[in-house]
Every structure is written in C-alpha cells, then in structure tokens.
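Text of work14.txt, listed as compact mmCIF, C-alpha atoms (C1' of nucleotides):
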# COMPACT_ATOMS: atom_id res chain seq x y z
CA MET A 19 83.98 -18.58 2.10
CA ASN A 20 83.31 -21.43 4.34
CA ARG A 21 82.20 -23.61 1.51
CA VAL A 22 83.46 -24.83 -1.77
CA ASP A 23 81.05 -22.72 -3.72
CA ASP A 24 83.47 -20.50 -5.55
CA LYS A 25 85.71 -23.17 -6.90
CA ASN A 26 88.25 -20.80 -5.49
CA TYR A 27 89.01 -23.49 -3.03
CA ARG A 28 91.70 -24.80 -5.33
CA GLU A 29 93.63 -21.56 -5.24
CA ARG A 30 93.60 -21.57 -1.47
CA VAL A 31 95.43 -24.84 -1.51
CA TYR A 32 97.82 -23.63 -4.20
CA GLU A 33 98.50 -20.43 -2.36
CA ILE A 34 99.65 -22.34 0.69
CA VAL A 35 101.71 -24.74 -1.33
CA ARG A 36 103.39 -21.90 -3.16
CA GLN A 37 104.63 -20.61 0.15
CA ILE A 38 106.49 -23.78 1.02
CA PRO A 39 110.19 -22.96 0.81
CA SER A 40 112.59 -25.19 -1.05
CA GLY A 41 113.87 -28.06 1.02
CA ARG A 42 110.75 -28.12 3.21
CA VAL A 43 107.50 -30.03 2.93
CA MET A 44 103.89 -30.03 4.10
CA THR A 45 101.36 -32.81 4.43
CA TYR A 46 97.91 -32.99 2.88
CA GLY A 47 96.36 -33.23 6.29
CA GLN A 48 98.23 -30.20 7.50
CA ILE A 49 97.01 -28.10 4.61
CA ALA A 50 93.48 -29.34 5.14
CA GLU A 51 93.86 -28.42 8.78
CA ILE A 52 94.89 -24.87 7.93
CA LEU A 53 92.10 -24.40 5.44
CA GLY A 54 89.75 -25.92 7.96
CA GLU A 55 86.33 -25.21 6.60
CA GLY A 56 85.23 -28.17 4.55
CA TYR A 57 88.63 -29.38 3.54
CA THR A 58 89.94 -32.84 4.18
CA PRO A 59 93.22 -34.46 3.24
CA ARG A 60 91.36 -36.26 0.48
CA THR A 61 90.12 -33.04 -1.00
CA VAL A 62 93.52 -31.41 -0.77
CA GLY A 63 95.05 -34.34 -2.56
CA TYR A 64 92.44 -34.18 -5.25
CA VAL A 65 93.07 -30.50 -5.74
CA MET A 66 96.81 -31.01 -5.69
CA HIS A 67 96.92 -33.41 -8.56
CA GLY A 68 95.63 -30.61 -10.72
CA ALA A 69 98.24 -28.16 -9.48
CA ALA A 70 99.53 -25.62 -11.97
CA GLU A 71 103.16 -25.35 -12.95
CA ASN A 72 103.75 -22.47 -10.61
CA VAL A 73 102.86 -24.71 -7.70
CA PRO A 74 105.64 -26.73 -6.06
CA TRP A 75 103.43 -29.80 -5.77
CA GLN A 76 106.45 -31.96 -4.97
CA ARG A 77 106.68 -30.38 -1.55
CA VAL A 78 103.35 -31.84 -0.53
CA ILE A 79 103.62 -35.35 0.85
CA ASN A 80 101.58 -37.61 3.10
CA SER A 81 101.65 -37.72 6.88
CA GLN A 82 104.14 -40.57 6.78
CA GLY A 83 106.69 -38.30 5.20
CA ALA A 84 106.51 -40.21 1.94
CA CYS A 85 105.39 -39.37 -1.57
CA SER A 86 101.90 -40.53 -2.44
CA THR A 87 102.04 -39.86 -6.13
CA GLY A 88 101.81 -43.56 -6.74
CA LYS A 89 101.82 -44.34 -10.43
CA MET A 90 98.99 -42.07 -11.36
CA THR A 91 100.29 -38.82 -12.71
CA MET A 92 103.86 -38.89 -11.51
CA PRO A 93 106.23 -41.64 -10.45
CA VAL A 94 107.06 -41.55 -6.77
CA ASN A 95 110.77 -41.60 -7.38
CA LEU A 96 110.41 -38.48 -9.49
CA GLN A 97 108.82 -36.49 -6.70
CA GLN A 98 111.24 -37.94 -4.21
CA GLY A 99 114.12 -37.11 -6.51
CA MET A 100 112.96 -33.52 -6.83
CA LEU A 101 112.79 -33.20 -3.07
CA GLU A 102 116.18 -34.79 -2.65
CA SER A 103 117.49 -32.20 -5.06
CA GLU A 104 116.19 -29.59 -2.66
CA GLY A 105 118.02 -31.22 0.20
CA VAL A 106 115.33 -33.48 1.64
CA ALA A 107 116.77 -36.84 2.70
CA PHE A 108 114.73 -40.04 2.35
CA ASN A 109 115.43 -43.40 3.93
CA GLU A 110 115.09 -46.81 2.31
CA LYS A 111 111.40 -46.87 3.02
CA GLY A 112 110.95 -43.65 1.09
CA ASN A 113 110.21 -41.57 4.15
CA CYS A 114 111.75 -38.30 5.22
CA ASP A 115 111.93 -36.90 8.74
CA LEU A 116 108.95 -34.60 9.14
CA ASN A 117 110.43 -33.30 12.37
CA VAL A 118 113.14 -31.81 10.26
CA TYR A 119 111.56 -30.90 6.95
CA LEU A 120 107.94 -30.18 7.81
CA TRP A 121 107.17 -26.52 7.34
CA PHE A 122 104.54 -24.39 9.02
CA PRO A 123 103.24 -21.20 7.39
CA GLU A 124 103.14 -17.99 9.36
CA GLY A 125 100.31 -17.84 11.81
CA PHE A 126 100.09 -21.56 12.07
CA GLU A 127 101.82 -23.16 15.01
CA PRO A 128 101.68 -26.81 15.99
CA ASP A 129 100.48 -27.56 19.51
CA ASP A 130 103.37 -29.87 20.07
CA ASP A 131 107.01 -29.01 19.89
CA THR A 132 106.87 -30.71 16.57
CA GLN A 133 108.44 -27.66 15.05
CA PRO A 134 111.19 -28.55 12.68
CA SER A 135 114.68 -28.04 13.97
CA LEU A 136 116.14 -27.76 10.50
CA LEU A 137 119.68 -28.89 10.32
CA GLY A 138 120.94 -25.81 8.56
C1' DA B 26 70.70 -38.71 -9.47
C1' DA B 27 73.64 -42.72 -7.64
C1' DC B 28 77.94 -45.21 -7.46
C1' DT B 29 82.87 -45.42 -7.63
C1' DT B 30 87.44 -43.63 -7.26
C1' DG B 31 91.12 -40.85 -5.52
C1' DA B 32 98.44 -37.21 -4.79
C1' DC B 33 94.91 -38.89 2.59
C1' DG B 34 94.64 -39.89 7.76
C1' DA B 35 93.76 -42.17 12.06
C1' DG B 36 92.64 -46.33 14.55
C1' DG B 37 92.42 -51.31 15.34
C1' DG B 38 94.19 -56.13 14.70
C1' DC C 12 105.65 -52.90 12.18
C1' DC C 13 102.41 -54.18 8.29
C1' DC C 14 97.56 -54.72 6.68
C1' DC C 15 92.75 -53.63 6.67
C1' DT C 16 88.64 -50.55 7.52
C1' DC C 17 86.18 -46.38 7.98
C1' DG C 18 85.63 -41.47 7.46
C1' DC C 19 85.96 -37.19 4.29
C1' DC C 20 84.84 -34.27 0.13
C1' DA C 21 84.93 -33.51 -4.87
C1' DA C 22 84.64 -35.22 -9.70
C1' DG C 23 83.98 -38.49 -13.31
C1' DT C 24 80.89 -42.05 -15.37
Once more with this new file: its structure as structure tokens, please.
Amino acid sequence: MNRVDDKNYRERVYEIVRQIPSGRVMTYGQIAEILGEGYTPRTVGYVMHGAAENVPWQRVINSQGACSTGKMTMPVNLQQGMLESEGVAFNEKGNCDLNVYLWFPEGFEPDDDTQPSLLG
DNA sequence: AACTTGACGAGGG
DNA sequence: CCCCTCGCCAAGT
C-alpha cells in the first residue's frame, strides 16, 4: 500500500508507536519518515490523536522534544508527566533530550550518529 | 465540491 | 533564541 486507500494507514502508525519502549520517545516526523509513502508529520499527528488505548501515544512528541498535545485532547503537562514517570527528564522549557530518549525501531537507522546513548 | 483546521517540521527574519 | 510563513495530507463543515 503506497496510498491511504485502505484506511489501514492508521494502524501502521499505531504499530510503530506500540513498539516504542517505556522511557523512550519518537517524533511525528520520524514516524512519517519511516512510513514514507504519503505520510507527513501532519498526517501522523492527526492519526495519533485518535490513538486507541493500547497505543502509548504519550511517547510521541514533536521534533523539539516537547509535547504538542496543546489543550486539545490532553493537557501537555499530563503527557509530560506520563513520560517523566517513565524516566524521561524535561527541562523548564518542556523539552527532553532527543539524543538520549529518541528511539529508533529495528531496521531504521539514522544517518547521523544521532543514536541515543541512553544513560542506563 | 471548496475551505478551514490540525497531537508537525524546516527555513528565514 | 523567538516569531512568522509555507508545505503536507486527511477530515470536518
């Protein structure tokens, strides 16, 4: 499927998100990048807001390392709090260090040495 | 069928 | 470093 004809496109996003381990995060753009095809960060975000309960939506943040939930469906501090409970540290600006917490699924490697070092 | 909005991202000022 | 603009794709009105 190279197109969004099946409406199965949602599950592709969810499937990736479900694989994010606790204490790690992914960005909308990154997911869109993996899905490639006709996905964009916008689309991923749109799909994400309708995520089912079995999807750890809180582990998906924006490229700035901050929560973008705004005041729409969920308060930002809620998502941030959930992540903090998983061990993700945020600064005063509400950003976390993507170099530490960003997670890459198997088969997907960043060109840079942006791979997370993970404190342990 | 067209316009607007939205859990985004990158670039320019 | 903060603010604004443009690009992207899907859904609601």
Practice item. Just the residues within 7 Å of range 35-44 of chain A, please, counting all atoms listed in the file, with nothing from its chain fewer than 6 positions along; format it as a ChimeraX atom specification. Key: /A:73-75,77-79,101,104-106,119-121
**Study point:** Surrounding residues of range 46-54 of chain A excluding itself and chain neighbours under 2 positions, 8 Å, all atoms listed in the file, as a list of chain:residue names
**Key:** A:Arg30, A:Val31, A:Ile34, A:Met44, A:Gly56, A:Tyr57, A:Thr58, A:Pro59, A:Arg60, A:Thr61, A:Val62, A:Gly63, A:Val78, A:Ile79, A:Asn80, A:Ser81, A:Phe126, B:DC33, B:DG34
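Comparing the minimum interatomic distances between DC19 in chain C and each of A:Phe122, A:Tyr27, A:Tyr64, A:Tyr32, counting all atoms listed in the file, we find that A:Tyr64 sits nearest.
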Point to revise | Expected answer as an MDAnalysis selection string: chain C residues within 10 Å of chain A, all atoms listed in the file | key: chainID C and resid 19:22
The selected residues should be written to file as a short mmCIF file (atom, residue, chain, number, x, y, z; two decimals), keeping the file's coordinate frame (atoms: C-alpha atoms (C1' of nucleotides)).
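To be explicit, this is the file written out as again.cif:
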data_model
loop_
_atom_site.label_atom_id
_atom_site.label_comp_id
_atom_site.auth_asym_id
_atom_site.auth_seq_id
_atom_site.Cartn_x
_atom_site.Cartn_y
_atom_site.Cartn_z
"C1'" DC C 19 85.96 -37.19 4.29
"C1'" DC C 20 84.84 -34.27 0.13
"C1'" DA C 21 84.93 -33.51 -4.87
"C1'" DA C 22 84.64 -35.22 -9.70
#
Review point. When you draw a straight line from C1' of DA32 in chain B to C1' of DC13 in chain C, how long is it in Å?
Key: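 Going from C1' of DA32 in chain B over to C1' of DC13 in chain C, I get 21.8 Å.
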Exercise for review: Would you mind telling me which residue in A:Gly68, A:Glu29, A:Leu116, A:Lys111 lies nearest to Val94 in chain A when using only C-alpha atoms?
Suggested key: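 Between A:Gly68, A:Glu29, A:Leu116, A:Lys111, the residue approaching Val94 in chain A most closely is A:Lys111.
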Mind rebuilding range 49-60 of chain A with all heavy atoms and writing that out as a CSV table (one decimal), in the coordinates of the input?
chain,number,residue,atom,x,y,z
A,49,ILE,N,97.6,-29.1,5.4
A,49,ILE,CA,97.0,-28.1,4.6
A,49,ILE,C,95.5,-28.1,4.8
A,49,ILE,O,94.9,-27.0,5.0
A,49,ILE,CB,97.3,-28.4,3.1
A,49,ILE,CG1,98.8,-28.2,2.9
A,49,ILE,CG2,96.5,-27.4,2.2
A,49,ILE,CD1,99.3,-28.6,1.5
A,50,ALA,N,94.9,-29.3,4.9
A,50,ALA,CA,93.5,-29.3,5.1
A,50,ALA,C,93.1,-28.7,6.5
A,50,ALA,O,92.1,-28.1,6.7
A,50,ALA,CB,93.0,-30.8,5.1
A,51,GLU,N,94.1,-28.9,7.4
A,51,GLU,CA,93.9,-28.4,8.8
A,51,GLU,C,93.9,-26.9,8.8
A,51,GLU,O,93.1,-26.3,9.4
A,51,GLU,CB,95.0,-28.9,9.7
A,51,GLU,CG,94.9,-28.4,11.1
A,51,GLU,CD,93.9,-29.2,11.9
A,51,GLU,OE1,93.6,-30.4,11.5
A,51,GLU,OE2,93.5,-28.8,13.0
A,52,ILE,N,94.8,-26.3,8.0
A,52,ILE,CA,94.9,-24.9,7.9
A,52,ILE,C,93.7,-24.3,7.2
A,52,ILE,O,93.1,-23.3,7.7
A,52,ILE,CB,96.1,-24.5,7.1
A,52,ILE,CG1,97.4,-24.9,7.9
A,52,ILE,CG2,96.2,-23.0,6.9
A,52,ILE,CD1,98.7,-24.8,7.1
A,53,LEU,N,93.3,-24.9,6.2
A,53,LEU,CA,92.1,-24.4,5.4
A,53,LEU,C,90.8,-24.6,6.3
A,53,LEU,O,89.9,-23.8,6.2
A,53,LEU,CB,92.0,-25.1,4.1
A,53,LEU,CG,93.1,-24.8,3.1
A,53,LEU,CD1,93.0,-25.7,1.9
A,53,LEU,CD2,93.0,-23.4,2.7
A,54,GLY,N,90.9,-25.6,7.1
A,54,GLY,CA,89.8,-25.9,8.0
A,54,GLY,C,88.5,-26.1,7.1
A,54,GLY,O,88.4,-27.0,6.3
A,55,GLU,N,87.6,-25.2,7.4
A,55,GLU,CA,86.3,-25.2,6.6
A,55,GLU,C,85.9,-26.6,6.2
A,55,GLU,O,85.7,-27.5,7.0
A,55,GLU,CB,86.5,-24.3,5.4
A,55,GLU,CG,87.0,-22.9,5.9
A,55,GLU,CD,87.4,-22.0,4.8
A,55,GLU,OE1,87.2,-22.3,3.6
A,55,GLU,OE2,88.0,-21.0,5.1
A,56,GLY,N,85.7,-26.8,4.9
A,56,GLY,CA,85.2,-28.2,4.6
A,56,GLY,C,86.3,-29.0,3.9
A,56,GLY,O,86.0,-29.9,3.2
A,57,TYR,N,87.5,-28.7,4.2
A,57,TYR,CA,88.6,-29.4,3.5
A,57,TYR,C,89.1,-30.6,4.3
A,57,TYR,O,89.1,-30.6,5.5
A,57,TYR,CB,89.8,-28.5,3.4
A,57,TYR,CG,89.5,-27.3,2.4
A,57,TYR,CD1,88.8,-26.2,2.9
A,57,TYR,CD2,90.0,-27.3,1.1
A,57,TYR,CE1,88.6,-25.1,2.1
A,57,TYR,CE2,89.7,-26.2,0.3
A,57,TYR,CZ,89.0,-25.1,0.8
A,57,TYR,OH,88.8,-24.1,-0.1
A,58,THR,N,89.4,-31.6,3.6
A,58,THR,CA,89.9,-32.8,4.2
A,58,THR,C,91.2,-33.2,3.4
A,58,THR,O,91.4,-32.7,2.3
A,58,THR,CB,88.9,-34.0,4.1
A,58,THR,OG1,88.8,-34.4,2.7
A,58,THR,CG2,87.6,-33.6,4.7
A,59,PRO,N,92.0,-34.1,4.0
A,59,PRO,CA,93.2,-34.5,3.2
A,59,PRO,C,92.9,-35.0,1.9
A,59,PRO,O,93.6,-34.7,0.9
A,59,PRO,CB,93.8,-35.6,4.1
A,59,PRO,CG,93.3,-35.2,5.5
A,59,PRO,CD,92.0,-34.6,5.3
A,60,ARG,N,91.8,-35.7,1.8
A,60,ARG,CA,91.4,-36.3,0.5
A,60,ARG,C,91.2,-35.2,-0.5
A,60,ARG,O,91.6,-35.2,-1.7
A,60,ARG,CB,90.0,-37.0,0.7
A,60,ARG,CG,90.2,-38.5,0.9
A,60,ARG,CD,90.3,-39.2,-0.4
A,60,ARG,NE,90.0,-40.6,-0.2
A,60,ARG,CZ,90.8,-41.5,-0.5
A,60,ARG,NH1,92.0,-41.3,-1.0
A,60,ARG,NH2,90.5,-42.8,-0.4
